[in-house]
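**Student:** Take a look at work28.txt, compact mmCIF, C-alpha atoms:
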# COMPACT_ATOMS: atom_id res chain seq x y z
CA MET A 1 -62.45 -5.75 20.13
CA VAL A 2 -66.19 -5.31 19.53
CA ARG A 3 -65.80 -1.69 20.45
CA GLN A 4 -63.02 -1.20 17.94
CA ALA A 5 -65.09 -2.78 15.19
CA ARG A 6 -68.02 -0.52 16.03
CA SER A 7 -65.79 2.55 15.99
CA GLU A 8 -64.42 1.50 12.60
CA ALA A 9 -67.98 1.09 11.30
CA THR A 10 -68.88 4.61 12.47
CA ARG A 11 -65.85 6.08 10.74
CA ARG A 12 -66.83 4.21 7.59
CA ARG A 13 -70.35 5.58 7.77
CA ILE A 14 -69.08 9.14 8.04
CA ILE A 15 -66.79 8.71 5.04
CA ASP A 16 -69.45 7.02 2.93
CA SER A 17 -72.03 9.71 3.72
CA ALA A 18 -69.55 12.46 2.91
CA VAL A 19 -68.60 10.70 -0.33
CA ASP A 20 -72.25 10.52 -1.41
CA LEU A 21 -72.81 14.17 -0.64
CA ILE A 22 -69.66 15.34 -2.39
CA ASN A 23 -70.61 13.34 -5.48
CA GLU A 24 -74.15 14.67 -5.43
CA ILE A 25 -73.77 18.36 -4.55
CA GLY A 26 -70.02 18.99 -4.36
CA TYR A 27 -67.71 19.67 -1.44
CA PRO A 28 -68.47 23.36 -0.85
CA ALA A 29 -72.21 22.71 -0.52
CA SER A 30 -71.78 19.70 1.78
CA GLY A 31 -71.77 20.98 5.35
CA LEU A 32 -70.77 19.00 8.39
CA ALA A 33 -74.41 19.10 9.50
CA ASP A 34 -75.46 17.43 6.22
CA ILE A 35 -72.86 14.72 6.70
CA ILE A 36 -74.04 14.09 10.26
CA GLU A 37 -77.64 13.94 9.14
CA ARG A 38 -76.94 11.56 6.27
CA ALA A 39 -74.83 9.31 8.49
CA GLU A 40 -77.50 9.42 11.22
CA LEU A 41 -74.90 10.17 13.85
CA THR A 42 -74.36 12.77 16.52
CA LYS A 43 -72.01 15.70 16.18
CA GLY A 44 -69.92 14.16 18.97
CA ALA A 45 -69.49 10.92 17.07
CA LEU A 46 -68.20 12.82 14.05
CA TYR A 47 -65.82 14.98 16.04
CA TYR A 48 -64.52 11.89 17.79
CA HIS A 49 -63.20 10.67 14.42
CA PHE A 50 -62.52 13.89 12.53
CA GLU A 51 -61.59 17.31 13.84
CA SER A 52 -63.00 19.18 10.85
CA LYS A 53 -64.70 18.91 7.49
CA GLU A 54 -61.30 19.13 5.85
CA ALA A 55 -60.11 16.16 7.90
CA VAL A 56 -62.95 14.11 6.41
CA ALA A 57 -61.90 15.32 2.96
CA THR A 58 -58.30 14.35 3.59
CA ALA A 59 -59.35 10.83 4.59
CA ILE A 60 -61.40 10.54 1.40
CA ILE A 61 -58.53 11.78 -0.76
CA GLU A 62 -56.14 9.30 0.81
CA GLU A 63 -58.47 6.34 0.41
CA GLY A 64 -59.56 7.22 -3.13
CA ILE A 65 -56.05 7.87 -4.35
CA ASP A 66 -54.95 4.55 -2.92
CA THR A 67 -57.53 2.83 -5.10
CA ILE A 68 -56.45 4.82 -8.15
CA LEU A 69 -52.73 4.19 -7.62
CA ASN A 70 -53.28 0.49 -7.01
CA ALA A 71 -55.20 0.33 -10.27
CA PHE A 72 -52.35 2.04 -12.12
CA ARG A 73 -49.75 -0.23 -10.53
CA SER A 74 -51.73 -3.37 -11.27
CA ALA A 75 -51.72 -2.56 -14.97
CA GLY A 76 -48.51 -4.20 -16.07
CA GLY A 77 -45.17 -5.15 -14.63
CA PRO A 78 -41.64 -5.56 -15.98
CA SER A 79 -42.83 -8.22 -18.43
CA SER A 80 -44.81 -5.77 -20.54
CA PRO A 81 -43.45 -2.64 -22.26
CA ALA A 82 -43.60 0.51 -20.12
CA MET A 83 -45.53 2.45 -22.78
CA GLU A 84 -48.21 -0.28 -22.81
CA ASN A 85 -48.32 -0.03 -19.02
CA ILE A 86 -48.82 3.73 -19.25
CA VAL A 87 -51.71 3.49 -21.72
CA LEU A 88 -53.32 0.52 -20.01
CA GLY A 89 -52.78 2.13 -16.61
CA LEU A 90 -54.68 5.25 -17.66
CA PHE A 91 -57.66 3.20 -18.82
CA VAL A 92 -57.61 1.14 -15.65
CA ILE A 93 -57.68 4.40 -13.69
CA ALA A 94 -60.68 5.55 -15.75
CA ASP A 95 -62.47 2.31 -14.88
CA ALA A 96 -61.56 2.60 -11.20
CA ILE A 97 -62.89 6.15 -10.99
CA LYS A 98 -66.10 5.12 -12.68
CA ALA A 99 -66.62 2.09 -10.45
CA ASP A 100 -65.59 3.51 -7.08
CA ALA A 101 -67.53 6.33 -5.41
CA VAL A 102 -64.65 7.15 -3.02
CA ALA A 103 -62.21 7.46 -5.92
CA GLN A 104 -64.71 9.69 -7.69
CA ALA A 105 -65.11 11.96 -4.67
CA SER A 106 -61.35 12.09 -4.18
CA CYS A 107 -60.95 13.44 -7.73
CA ARG A 108 -63.48 16.17 -7.00
CA LEU A 109 -61.65 17.02 -3.78
CA LEU A 110 -58.28 17.17 -5.53
CA ARG A 111 -59.75 19.85 -7.77
CA THR A 112 -61.28 21.71 -4.86
CA PHE A 113 -58.10 21.81 -2.81
CA GLY A 114 -55.28 21.82 -5.34
CA GLY A 115 -52.09 22.63 -3.50
CA PHE A 116 -53.80 23.89 -0.34
CA ASN A 117 -54.33 20.49 1.24
CA PRO A 118 -51.13 18.53 1.99
CA ALA A 119 -52.75 15.18 1.05
CA ALA A 120 -53.91 16.63 -2.28
CA LYS A 121 -50.49 18.08 -2.96
CA ALA A 122 -48.74 14.82 -2.08
CA THR A 123 -51.08 12.97 -4.42
CA TYR A 124 -49.98 14.98 -7.45
CA VAL A 125 -46.36 14.34 -6.57
CA VAL A 126 -46.90 10.59 -6.27
CA LEU A 127 -48.81 10.45 -9.54
CA LEU A 128 -46.06 12.38 -11.32
CA ASP A 129 -43.39 10.09 -9.87
CA HIS A 130 -45.20 6.96 -11.01
CA LEU A 131 -45.63 8.35 -14.48
CA ALA A 132 -42.04 9.59 -14.68
CA GLU A 133 -40.72 6.14 -13.83
CA ARG A 134 -42.68 4.53 -16.63
CA VAL A 135 -41.84 7.27 -19.11
CA ALA A 136 -38.12 6.79 -18.42
CA SER A 137 -38.43 3.05 -19.08
CA ALA A 138 -40.43 3.65 -22.23
CA VAL A 139 -37.69 5.96 -23.56
CA GLU A 140 -35.13 3.28 -22.77
CA GLN A 141 -37.28 0.68 -24.55
CA ARG A 142 -37.34 2.97 -27.61
CA ASP A 143 -41.09 3.39 -27.59
CA LEU A 144 -40.94 7.06 -26.57
CA ARG A 145 -38.80 9.51 -28.47
CA PRO A 146 -35.42 10.19 -26.86
CA ASP A 147 -35.26 13.67 -28.42
CA VAL A 148 -38.33 14.86 -26.50
CA ASP A 149 -37.76 15.98 -22.93
CA ALA A 150 -39.04 13.20 -20.65
CA GLU A 151 -40.16 15.71 -18.06
CA ALA A 152 -42.28 17.47 -20.67
CA ILE A 153 -43.86 14.16 -21.66
CA VAL A 154 -44.77 13.45 -18.04
CA ALA A 155 -46.17 16.93 -17.49
CA THR A 156 -48.24 16.88 -20.68
CA LEU A 157 -49.65 13.40 -20.08
CA MET A 158 -50.56 14.26 -16.52
CA ALA A 159 -52.14 17.62 -17.38
CA SER A 160 -54.18 16.24 -20.27
CA MET A 161 -55.54 13.35 -18.20
CA LEU A 162 -56.48 15.53 -15.26
CA GLY A 163 -58.15 17.91 -17.69
CA ALA A 164 -60.06 15.08 -19.34
CA GLU A 165 -61.28 13.95 -15.93
CA LEU A 166 -62.49 17.46 -15.16
CA VAL A 167 -64.35 17.89 -18.43
CA SER A 168 -65.83 14.40 -18.34
CA SER A 169 -66.99 14.92 -14.78
CA ALA A 170 -68.54 18.30 -15.57
CA LEU A 171 -70.22 17.44 -18.87
CA ALA A 172 -70.99 13.74 -18.74
CA ASP A 173 -70.92 12.88 -15.04
CA GLY A 174 -67.70 10.96 -15.70
CA ARG A 175 -69.36 8.44 -18.00
CA ASP A 176 -67.16 9.09 -21.04
CA LEU A 177 -63.77 9.25 -19.32
CA ARG A 178 -62.41 6.25 -21.18
CA ARG A 179 -63.24 7.84 -24.53
CA ARG A 180 -61.75 11.18 -23.51
CA PHE A 181 -58.51 9.52 -22.39
CA ALA A 182 -58.39 7.74 -25.77
CA LEU A 183 -58.89 11.00 -27.69
CA ASN A 184 -56.13 12.69 -25.72
CA LEU A 185 -53.69 9.87 -26.35
CA GLU A 186 -54.54 9.75 -30.03
CA ILE A 187 -53.47 13.37 -30.41
CA LEU A 188 -50.49 13.10 -28.07
CA MET A 189 -48.95 9.86 -29.29
CA PRO A 190 -47.56 11.05 -32.64
CA ALA A 191 -45.65 13.74 -30.76
CA ILE A 192 -44.03 11.43 -28.21
CA VAL A 193 -43.93 7.87 -29.61
CA THR A 194 -41.04 6.83 -31.88
CA GLU A 195 -41.74 6.39 -35.56
CA GLU A 196 -41.13 2.62 -35.45
CA SER A 197 -43.55 2.10 -32.58
CA LEU A 198 -46.32 4.47 -33.59
CA GLY A 199 -48.26 1.98 -35.71
CA TYR A 200 -48.20 -0.59 -32.96
CA TYR A 201 -49.37 1.84 -30.28
CA ARG A 202 -52.12 3.26 -32.47
CA GLU A 203 -53.50 -0.25 -32.68
CA PHE A 204 -52.89 -0.88 -28.99
CA LEU A 205 -54.86 2.27 -28.20
CA ALA A 206 -57.66 1.39 -30.62
CA ARG A 207 -57.99 -2.00 -28.92
CA GLN A 208 -58.23 -0.35 -25.51
CA SER A 209 -60.89 2.12 -26.58
CA MET A 210 -62.89 -0.66 -28.23
CA ARG A 211 -62.91 -2.74 -25.11
CA ILE A 212 -65.76 -2.32 -22.73
CA SER A 213 -64.61 -1.54 -19.23
CA PRO A 214 -64.69 -4.69 -17.08
CA SER A 215 -66.64 -2.97 -14.32
CA ASN A 216 -69.43 -2.06 -16.72
CA PRO A 217 -70.14 -4.94 -19.09
CA MET B 218 -47.13 -22.35 21.97
CA THR B 219 -48.22 -24.97 19.44
CA GLU B 220 -48.67 -22.17 16.94
CA GLN B 221 -45.05 -21.25 17.36
CA VAL B 222 -43.95 -24.87 16.90
CA ASP B 223 -46.11 -25.10 13.80
CA ARG B 224 -44.60 -21.99 12.36
CA ARG B 225 -41.10 -23.30 12.95
CA ALA B 226 -42.03 -26.62 11.34
CA ASP B 227 -43.44 -24.76 8.34
CA ALA B 228 -40.23 -22.77 7.99
CA THR B 229 -38.16 -25.96 8.07
CA ARG B 230 -40.41 -27.58 5.48
CA LEU B 231 -40.01 -24.56 3.20
CA GLN B 232 -36.25 -24.57 3.68
CA ILE B 233 -36.12 -28.23 2.61
CA LEU B 234 -38.36 -27.56 -0.39
CA GLN B 235 -36.15 -24.70 -1.57
CA ALA B 236 -32.96 -26.70 -1.22
CA ALA B 237 -34.58 -29.62 -3.02
CA ALA B 238 -35.75 -27.33 -5.83
CA HIS B 239 -32.16 -26.20 -6.45
CA GLN B 240 -31.00 -29.81 -6.71
CA PHE B 241 -33.88 -30.97 -8.90
CA ALA B 242 -33.54 -27.92 -11.15
CA THR B 243 -29.93 -28.64 -12.05
CA ARG B 244 -29.74 -32.45 -12.01
CA PRO B 245 -31.81 -35.39 -13.22
CA TYR B 246 -34.06 -36.98 -10.59
CA SER B 247 -31.97 -40.12 -10.36
CA GLN B 248 -28.78 -38.17 -9.60
CA VAL B 249 -30.21 -36.08 -6.81
CA ASN B 250 -28.99 -37.21 -3.44
CA LEU B 251 -30.94 -36.57 -0.24
CA ASP B 252 -27.65 -35.92 1.59
CA ASP B 253 -26.91 -32.97 -0.72
CA ILE B 254 -30.33 -31.54 0.04
CA LEU B 255 -29.73 -31.98 3.77
CA ALA B 256 -26.41 -30.20 3.56
CA SER B 257 -27.68 -27.21 1.63
CA ALA B 258 -30.90 -26.89 3.63
CA ASP B 259 -28.91 -27.17 6.84
CA VAL B 260 -31.40 -29.55 8.48
CA THR B 261 -31.04 -32.96 10.05
CA LYS B 262 -32.05 -36.22 8.42
CA GLY B 263 -34.69 -36.62 11.10
CA ALA B 264 -36.24 -33.28 10.21
CA LEU B 265 -36.32 -34.16 6.54
CA TYR B 266 -37.97 -37.54 7.17
CA PHE B 267 -40.43 -35.91 9.55
CA HIS B 268 -41.74 -33.82 6.66
CA PHE B 269 -41.15 -36.13 3.68
CA ARG B 270 -41.07 -39.88 3.96
CA SER B 271 -39.06 -40.41 0.75
CA LYS B 272 -37.26 -38.71 -2.12
CA HIS B 273 -40.35 -39.33 -4.21
CA ALA B 274 -42.60 -37.66 -1.64
CA LEU B 275 -40.22 -34.70 -1.52
CA ALA B 276 -40.18 -34.40 -5.31
CA THR B 277 -43.97 -34.54 -5.42
CA ALA B 278 -44.12 -31.76 -2.83
CA VAL B 279 -41.74 -29.62 -4.95
CA ILE B 280 -44.09 -30.01 -7.91
CA GLU B 281 -47.18 -29.16 -5.89
CA HIS B 282 -45.56 -26.22 -4.12
CA ARG B 283 -44.65 -24.70 -7.48
CA ALA B 284 -48.06 -25.46 -8.94
CA GLU B 285 -49.76 -23.49 -6.16
CA HIS B 286 -47.45 -20.54 -6.75
CA GLY B 287 -48.08 -20.72 -10.49
CA TRP B 288 -51.80 -20.67 -9.90
CA VAL B 289 -51.54 -17.45 -7.90
CA GLU B 290 -49.48 -15.82 -10.66
CA PHE B 291 -52.03 -16.94 -13.21
CA GLY B 292 -54.81 -15.32 -11.19
CA GLN B 293 -52.91 -12.03 -10.95
CA LEU B 294 -52.15 -11.99 -14.65
CA SER B 295 -55.71 -12.69 -15.74
CA THR B 296 -57.09 -9.73 -13.80
CA ARG B 297 -54.77 -7.11 -15.27
CA GLY B 298 -57.32 -5.77 -17.70
CA ARG B 299 -55.75 -7.29 -20.78
CA ALA B 300 -57.41 -9.16 -23.63
CA GLY B 301 -57.61 -12.97 -23.55
CA LEU B 302 -55.03 -13.66 -26.27
CA GLU B 303 -52.67 -11.03 -24.82
CA THR B 304 -52.94 -12.75 -21.44
CA MET B 305 -52.16 -16.12 -23.03
CA ILE B 306 -49.00 -14.73 -24.61
CA ASP B 307 -48.01 -12.93 -21.41
CA LEU B 308 -48.49 -16.14 -19.46
CA ALA B 309 -46.33 -18.13 -21.90
CA TYR B 310 -43.51 -15.61 -21.48
CA LEU B 311 -43.94 -15.50 -17.71
CA ILE B 312 -43.60 -19.28 -17.56
CA ALA B 313 -40.52 -19.20 -19.80
CA VAL B 314 -38.78 -16.46 -17.80
CA SER B 315 -39.35 -18.25 -14.49
CA ASP B 316 -38.36 -21.57 -16.04
CA ILE B 317 -35.06 -19.99 -17.12
CA GLY B 318 -34.28 -18.20 -13.90
CA GLU B 319 -36.12 -19.70 -10.93
CA ALA B 320 -35.06 -23.01 -9.43
CA GLU B 321 -38.53 -23.81 -8.11
CA ALA B 322 -40.14 -23.34 -11.52
CA ARG B 323 -37.46 -25.30 -13.35
CA ALA B 324 -37.50 -28.13 -10.78
CA GLY B 325 -41.29 -28.31 -10.83
CA LEU B 326 -41.40 -28.77 -14.60
CA ASN B 327 -38.40 -31.13 -14.68
CA LEU B 328 -40.02 -33.34 -12.07
CA LEU B 329 -43.41 -33.19 -13.69
CA GLU B 330 -41.79 -34.78 -16.73
CA SER B 331 -39.71 -37.36 -14.87
CA ILE B 332 -41.83 -38.60 -12.00
CA GLY B 333 -45.23 -36.99 -12.67
CA ARG B 334 -46.01 -39.28 -15.55
CA PHE B 335 -46.55 -42.40 -13.49
CA ASP B 336 -48.87 -41.36 -10.71
CA GLY B 337 -51.33 -39.17 -12.55
CA LEU B 338 -49.87 -35.92 -11.20
CA GLN B 339 -48.79 -34.80 -14.66
CA ALA B 340 -52.23 -35.31 -16.14
CA LYS B 341 -53.86 -33.57 -13.18
CA LEU B 342 -51.65 -30.47 -13.24
CA LEU B 343 -51.50 -30.11 -16.99
CA ASP B 344 -55.28 -30.32 -17.08
CA VAL B 345 -55.35 -27.25 -14.85
CA TRP B 346 -53.11 -25.43 -17.35
CA VAL B 347 -55.27 -26.51 -20.25
CA ILE B 348 -58.44 -25.38 -18.48
CA GLY B 349 -56.86 -22.01 -17.69
CA PHE B 350 -55.63 -21.42 -21.24
CA ALA B 351 -58.95 -22.61 -22.67
CA ALA B 352 -60.86 -20.09 -20.55
CA MET B 353 -58.64 -17.31 -21.92
CA ALA B 354 -59.05 -18.63 -25.46
CA ARG B 355 -62.82 -18.51 -25.01
CA ARG B 356 -62.49 -14.87 -23.96
CA ALA B 357 -60.25 -14.21 -26.97
CA ILE B 358 -62.93 -15.60 -29.28
CA ALA B 359 -65.52 -13.28 -27.73
CA GLU B 360 -63.10 -10.37 -28.19
CA GLY B 361 -62.57 -11.24 -31.86
CA ASP B 362 -58.84 -11.97 -31.53
CA VAL B 363 -59.26 -15.72 -32.07
CA VAL B 364 -61.44 -17.02 -34.89
CA ASP B 365 -64.60 -18.73 -33.68
CA ARG B 366 -64.20 -21.95 -35.62
CA ILE B 367 -61.44 -22.88 -33.14
CA ASP B 368 -62.15 -25.21 -30.24
CA PRO B 369 -60.66 -23.28 -27.29
CA GLU B 370 -59.64 -26.46 -25.52
CA HIS B 371 -57.75 -27.74 -28.56
CA ALA B 372 -55.92 -24.44 -28.86
CA ALA B 373 -55.09 -24.61 -25.15
CA ARG B 374 -53.80 -28.15 -25.42
CA LEU B 375 -51.64 -27.23 -28.41
CA LEU B 376 -50.04 -24.31 -26.55
CA VAL B 377 -49.31 -26.35 -23.43
CA SER B 378 -47.84 -29.17 -25.54
CA MET B 379 -45.80 -26.65 -27.48
CA TYR B 380 -44.22 -25.26 -24.35
CA LEU B 381 -43.43 -28.65 -22.84
CA GLY B 382 -41.91 -29.73 -26.16
CA LEU B 383 -39.80 -26.59 -26.35
CA ARG B 384 -38.25 -27.42 -22.98
CA GLN B 385 -37.00 -30.67 -24.52
CA THR B 386 -35.68 -29.32 -27.80
CA SER B 387 -34.24 -25.96 -26.76
CA ASN B 388 -31.79 -24.97 -24.06
CA LEU B 389 -33.05 -23.26 -20.90
CA ASP B 390 -29.49 -22.28 -19.97
CA GLU B 391 -29.24 -20.02 -23.01
CA PRO B 392 -32.01 -17.48 -22.44
CA GLU B 393 -31.59 -15.53 -25.64
CA SER B 394 -31.92 -18.52 -27.96
CA TYR B 395 -34.60 -20.12 -25.77
CA ILE B 396 -36.77 -17.00 -25.93
CA GLY B 397 -36.00 -16.74 -29.65
CA ASP B 398 -37.28 -20.30 -30.13
CA LEU B 399 -40.39 -19.54 -28.08
CA GLU B 400 -41.05 -16.52 -30.29
CA SER B 401 -40.62 -18.54 -33.50
CA LEU B 402 -43.08 -21.18 -32.28
CA TRP B 403 -45.70 -18.58 -31.38
CA MET B 404 -45.29 -16.79 -34.72
CA LEU B 405 -45.72 -20.12 -36.46
CA VAL B 406 -48.88 -21.26 -34.66
CA LEU B 407 -50.56 -17.86 -34.37
CA PRO B 408 -52.03 -17.79 -37.92
CA GLY B 409 -53.66 -21.13 -37.08
CA PHE B 410 -56.10 -19.57 -34.63
CA ALA B 411 -55.75 -15.77 -34.57
CA ASN B 412 -57.94 -13.34 -36.49
CA PRO B 413 -55.92 -12.66 -39.70
CA GLU B 414 -56.59 -8.92 -39.47
CA ARG B 415 -54.90 -8.73 -36.09
CA LEU B 416 -51.85 -10.86 -36.88
CA ALA B 417 -49.61 -7.84 -37.43
CA TYR B 418 -50.56 -6.40 -34.05
CA PHE B 419 -49.90 -9.68 -32.25
CA ALA B 420 -46.59 -10.12 -34.05
CA GLY B 421 -45.55 -6.76 -32.57
CA PHE B 422 -46.96 -7.77 -29.20
CA ILE B 423 -44.89 -10.97 -29.20
CA ARG B 424 -41.68 -9.28 -30.39
CA ARG B 425 -41.95 -6.72 -27.59
CA ARG B 426 -42.37 -9.48 -25.01
CA SER B 427 -39.34 -11.32 -26.38
CA ALA B 428 -37.14 -8.26 -26.04
CA LEU B 429 -38.22 -7.77 -22.43
CA ALA B 430 -37.98 -11.46 -21.56
CA VAL B 431 -34.39 -11.63 -22.80
CA LYS B 432 -33.61 -8.66 -20.59
CA ASN B 433 -35.46 -9.98 -17.53
CA ALA B 434 -34.40 -13.61 -17.65
CA ILE B 435 -31.40 -14.36 -15.46
CA PRO B 436 -30.10 -17.85 -16.12
CA LEU B 437 -30.25 -20.18 -13.16
CA ARG B 438 -26.51 -20.80 -12.96
CA ALA B 439 -25.66 -17.11 -12.94
CA ASN B 440 -28.41 -16.71 -10.36
CA ASN B 441 -26.74 -19.21 -8.08
CA LEU B 442 -23.38 -17.53 -7.98
Please lay out the structure from this file as structure tokens.
**Tutor:**
Amino acid sequence: MVRQARSEATRRRIIDSAVDLINEIGYPASGLADIIERAELTKGALYYHFESKEAVATAIIEEGIDTILNAFRSAGGPSSPAMENIVLGLFVIADAIKADAVAQASCRLLRTFGGFNPAAKATYVVLLDHLAERVASAVEQRDLRPDVDAEAIVATLMASMLGAELVSSALADGRDLRRRFALNLEILMPAIVTEESLGYYREFLARQSMRISPSNP
Amino acid sequence: MTEQVDRRADATRLQILQAAAHQFATRPYSQVNLDDILASADVTKGALYFHFRSKHALATAVIEHRAEHGWVEFGQLSTRGRAGLETMIDLAYLIAVSDIGEAEARAGLNLLESIGRFDGLQAKLLDVWVIGFAAMARRAIAEGDVVDRIDPEHAARLLVSMYLGLRQTSNLDEPESYIGDLESLWMLVLPGFANPERLAYFAGFIRRRSALAVKNAIPLRANNL
């Protein structure tokens, strides 16, 4: 029991050290030796838990994406309109990335690996599925235009948000992600939201961008 | 061993509470018969009296069981990253939808009215509601959605009273008109405390919730079949 707890603590220390390094100097520059040094562990201890540097990365992706997906899911249920849940969900994701170092590192890793790491690839699929489900409901609820291809809406939303995350991370260390998401949506919404709902969602979006993220009062 | 016995006892208790909720949701307190509860819960009289010494004790437990559940839902709703006034409206619709379609919610509120009045339970539980709504109203004032001359506790008390009154004057078995009445009440009181510049937004917010609530609410009787 004690032993298991200690082993869990060691694994945690490896992940946390790797997360710090990835956020500071990026994945390519972070060698296994650096991770071991930062975690103050032996090589054996690391190899006991992870067979390679990429295995550490995979664990980080999985944990970070879990945080991000939970944030998206927590933003709204069947009692609020799907389009509200989409917009709110994106802002909640922005807050989660800003507040959580593991989530932040997992975004960097997703970019590094793209389709070459199965966990990274699976992540994009899950994100797309979640978004597609909400987009379909929003079309049904007449907030998104039925004459625009739902698949195209999903693809455009996803691509623009991932792009915003990349630019925000590169230029502002991720600090202005909320604002960049808002700018994207402002441009996108007139193309995808129905005429009757556009006024409402413009205001909904303005309210979201005005609000200070809860993690950073 | 004792743990296992405890767990079985808990399961029996829950079974009785659920059966009781169905009875209390569809009939007045005075017409609910313990024998009917026994039959639908499929437990013996001895088991029922082991857990609840009287019909009154059972009814009180139904109220408290629901109140705990409601408190958890309230906690989840208030951490969703929405503004204070939005959360208040969402909560009002959540309560209405569960009141329409869930026996435990309906029974809890029915009983709160009928038996809660005389032993202080009503005052105690409604105070919790008022405190919860008032906290959200305070947030809404800080966010500029509610005007700051309003006393948040008065606003909270008004909204709680409004809902309990609606249960008396409207019909929970007709979801569409019940939700319609809830919407009318909200539209009517909103200008009394909301920032006038944001009224149009909140009118849209409320209308969207009504449409979804009508879709999501499954009336209790249909639910039972």
**Student:** Kindly provide, as a list in words, the residues of chain A having any atom no farther than 9 Å from an atom of chain B, counting only C-alpha atoms.
**Tutor:**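 Written out as asked, the residues are Ala71, Ser74, Ala75, Gly76, Pro78, Ser79, Ser80, Pro81, Leu88, Val92, Gln141, Gly199, Tyr200, Glu203, Phe204, Arg207, Gln208, Arg211, Ser213 and Pro214 of chain A.
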**Student:** Using CA of Ala264 in chain B and CA of Ile233 in chain B as the two end points, give the distance in Å to one decimal.
**Tutor:**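 CA of Ala264 in chain B sits 9.1 Å away from CA of Ile233 in chain B.
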**Student:** Extract, using only C-alpha atoms, all DNA, RNA and protein residues at most 9 Å from Ala226 in chain B, discarding same-chain residues fewer than 4 positions from it, and format them as a list in words.
**Tutor:** Gln221, Val222, Arg230, Leu231, Ala264 and His268 of chain B
**Student:** Restrict the calculation to only C-alpha atoms, then for each residue of range 379-422 of chain B with any atom at most 12 Å from an atom of range 316-320 of chain B give the closest atom pair and their distance in Å to one decimal, rows by chain and rising residue number, as a tab-separated table.
**Tutor:**
residue	atom	partner	partner_atom	distance
B:Tyr380	CA	B:Asp316	CA	10.8
B:Leu381	CA	B:Asp316	CA	11.0
B:Leu383	CA	B:Asp316	CA	11.6
B:Arg384	CA	B:Asp316	CA	9.1
B:Ser387	CA	B:Ile317	CA	11.4
B:Asn388	CA	B:Ile317	CA	9.1
B:Leu389	CA	B:Ile317	CA	5.4
B:Asp390	CA	B:Ile317	CA	6.7
B:Glu391	CA	B:Ile317	CA	8.3
B:Pro392	CA	B:Ile317	CA	6.6
B:Glu393	CA	B:Ile317	CA	10.2
B:Ser394	CA	B:Ile317	CA	11.4
B:Tyr395	CA	B:Ile317	CA	8.7
B:Ile396	CA	B:Ile317	CA	9.5
**Student:** Got time to write the residues from that selection, C-alpha atoms, as a PDB file, keeping the file's coordinate frame?
**Tutor:**
ATOM      1  CA  TYR B 380     -44.220 -25.260 -24.350  1.00  0.00           C
ATOM      2  CA  LEU B 381     -43.430 -28.650 -22.840  1.00  0.00           C
ATOM      3  CA  LEU B 383     -39.800 -26.590 -26.350  1.00  0.00           C
ATOM      4  CA  ARG B 384     -38.250 -27.420 -22.980  1.00  0.00           C
ATOM      5  CA  SER B 387     -34.240 -25.960 -26.760  1.00  0.00           C
ATOM      6  CA  ASN B 388     -31.790 -24.970 -24.060  1.00  0.00           C
ATOM      7  CA  LEU B 389     -33.050 -23.260 -20.900  1.00  0.00           C
ATOM      8  CA  ASP B 390     -29.490 -22.280 -19.970  1.00  0.00           C
ATOM      9  CA  GLU B 391     -29.240 -20.020 -23.010  1.00  0.00           C
ATOM     10  CA  PRO B 392     -32.010 -17.480 -22.440  1.00  0.00           C
ATOM     11  CA  GLU B 393     -31.590 -15.530 -25.640  1.00  0.00           C
ATOM     12  CA  SER B 394     -31.920 -18.520 -27.960  1.00  0.00           C
ATOM     13  CA  TYR B 395     -34.600 -20.120 -25.770  1.00  0.00           C
ATOM     14  CA  ILE B 396     -36.770 -17.000 -25.930  1.00  0.00           C
TER      15      ILE B 396
END
**Student:** In Å, with one decimal, what is the gap from CA of Ile35 in chain A to CA of Ile60 in chain A?
**Tutor:**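 Separating CA of Ile35 in chain A from CA of Ile60 in chain A is a distance of 13.3 Å.
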**Student:** Please report the interatomic distance between CA of Ala57 in chain A and CA of Leu157 in chain A in Å with one decimal.
**Tutor:**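 Taking CA of Ala57 in chain A and CA of Leu157 in chain A, their separation equals 26.2 Å.
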**Student:** List as a list in words the protein and nucleic acid residues near Ile332 in chain B, meaning an atom at most 10 Å away when only C-alpha atoms are counted, but skip any in the same chain fewer than 3 places from it.
**Tutor:**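 Using only C-alpha atoms, the neighbours found are Tyr246, His273, Ala276, Thr277, Ile280, Asn327, Leu328, Leu329, Phe335, Asp336, Gly337, Leu338 and Gln339 of chain B.
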**Student:** Using all atoms listed in the file, which residue out of A:Ala96, A:Ile25, A:Ala55, A:Leu188 lies closest to Met161 in chain A?
**Tutor:** A:Leu188
**Student:** Pick out the residues sitting within 8 Å of Asp253 in chain B, and hand them over as a list of chain:residue names; count only C-alpha atoms, and ignore anything fewer than 4 positions along from it in its own chain.
**Tutor:** B:Gln240, B:Val249, B:Ser257
**Student:** Tell me which protein, DNA and RNA residues are within 6 Å of range 165-178 of chain A, counting only C-alpha atoms, leaving out same-chain ones fewer than 3 positions away, and put them as a PyMOL selection string.
**Tutor:** chain A and resi 94+162+181
**Student:** Do you know which residues are at most 8 Å from Ser315 in chain B counting only C-alpha atoms, after dropping those on the same chain fewer than 6 positions away, and could you put them as a ChimeraX atom specification?
**Tutor:** /B:322-323,434
**Student:** Could you give me, as a PyMOL selection string, the residues that sit within 10 Å of (-47.0, -16.2, -33.3) in the file's coordinates, counting only C-alpha atoms?
**Tutor:** chain B and resi 306+399-411+416-417+419-424
**Student:** Which one of A:Arg13, A:Asp129, A:Gly114, A:Pro146 sits closest to His49 in chain A if you count all atoms listed in the file?
**Tutor:** A:Arg13
**Student:** Nearest to Pro190 in chain A among A:Arg108, A:Asn85, A:Arg145, A:Met210, with distances taken over only C-alpha atoms: which residue is it?
**Tutor:**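 The closest residue to Pro190 in chain A is A:Arg145.
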